[in-house]
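Below is one structure, written out as structure tokens; the observations come after it.
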Amino acid sequence: MLKEQLWVIVLESKKAALSGWSALPQTLVYMMGNPEAKQPSFGLITNGDSSVFVKLAQSDGGKYDLSRVFASLTSNQELHHIFQILKGLGQIVGKT
């Protein structure tokens with residue numbers, strides 16, 4: 001957690017077939033516990049094979065939005081996109 005606005009959830013599993021989507025409810029619960037509810041919270045769910053970004057706006061009634069799925073193990077380009085997004089989120093969170 002970075003300044004209680006950036007949450008990273010890593011789904012650990014011995015079964016490669018376990019979807020990262022199974023971590024979405026728990027991720028949202030953690031993010032809803034953010035004491036800084038005035039600002040949106042951002043999260044990253046990854047199972048090592050795929051990654052999804054989550055944005056939660058509690059001030060807007062708890063609405064959340066999801067990014068597309070980044071298939072990180074299939075392409076270096078996908079990893080590059082993930083790191084670019086994390087860098088951008090770090091800059092946004094660092095300003096608040």
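By convention here, the chains of the structure tokens are called A, B, ... in the order presented, each chain's residues are numbered starting at 1, and ligands are numbered starting at 1 in the order presented.
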
Which residues are close to range 84-88 of chain A, i.e. within 9 Å by only C-alpha atoms, leaving aside same-chain residues fewer than 4 positions away? Reply as an mmCIF file with N, CA and C atoms, in the first residue's frame.
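In the end it all went to around29.cif:
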data_model
loop_
_atom_site.group_PDB
_atom_site.id
_atom_site.type_symbol
_atom_site.label_atom_id
_atom_site.label_comp_id
_atom_site.auth_asym_id
_atom_site.auth_seq_id
_atom_site.Cartn_x
_atom_site.Cartn_y
_atom_site.Cartn_z
ATOM 1 N N LEU A 44 -3.910 -3.484 -8.063
ATOM 2 C CA LEU A 44 -3.422 -4.386 -9.091
ATOM 3 C C LEU A 44 -3.619 -5.799 -8.588
ATOM 4 N N PHE A 53 -5.917 -4.044 -13.381
ATOM 5 C CA PHE A 53 -5.923 -2.878 -12.505
ATOM 6 C C PHE A 53 -7.353 -2.579 -12.080
ATOM 7 N N LEU A 79 4.270 -6.592 -20.141
ATOM 8 C CA LEU A 79 4.978 -6.211 -18.908
ATOM 9 C C LEU A 79 5.355 -4.741 -18.944
ATOM 10 N N HIS A 80 5.767 -4.266 -20.098
ATOM 11 C CA HIS A 80 6.109 -2.857 -20.251
ATOM 12 C C HIS A 80 4.893 -1.977 -19.953
ATOM 13 N N ILE A 92 0.713 9.773 -9.596
ATOM 14 C CA ILE A 92 -0.576 10.340 -9.170
ATOM 15 C C ILE A 92 -0.693 10.290 -7.648
ATOM 16 N N VAL A 93 -0.402 9.136 -7.075
ATOM 17 C CA VAL A 93 -0.533 8.957 -5.637
ATOM 18 C C VAL A 93 0.481 9.811 -4.894
#

Counting only C-alpha atoms, which of A:Asn47, A:Gln91, A:Tyr64, A:Glu78 gets nearest to Met32 in chain A?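 Among the listed residues, the smallest separation from Met32 in chain A belongs to A:Tyr64.
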
Given only C-alpha atoms as the counted atoms, nearest of A:Val69, A:Leu56, A:Ala23, A:Ile82 to Ser41 in chain A: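 Closest to Ser41 in chain A of all the choices is A:Leu56.
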
Could you check how far CA of Lys38 in chain A sits from CA of Lys55 in chain A, in Å to one decimal?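 Computing it gives 13.1 Å between the two atoms.
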
Between CA of Phe83 in chain A and CA of Gly61 in chain A - distance in Å to one decimal: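 Result for CA of Gly61 in chain A versus CA of Phe83 in chain A: 29.3 Å, one decimal.
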
Just to confirm, what's the straight-line distance from CA of Met31 in chain A to CA of Arg68 in chain A in Å (one decimal)?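 Computing it gives 19.2 Å between the two atoms.
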
For Leu89 in chain A, which of A:Gln58, A:Lys63, A:Ser51, A:Gly43 is the closest residue, counting only C-alpha atoms?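 So, comparing all the options, the nearest one is A:Gly43.
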
Of the residues A:Ala71, A:Gly62, A:Ser19, A:His81, which is the one nearest to Asp49 in chain A, using only C-alpha atoms?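 Smallest separation from Asp49 in chain A among the options: A:Ala71.
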
Please identify the strand (DSSP E) residues within range 29-92 of chain A (assignment by DSSP from backbone atoms) and present them as a VMD selection string. chain A and resid 41 to 46 51 to 57 63 to 66
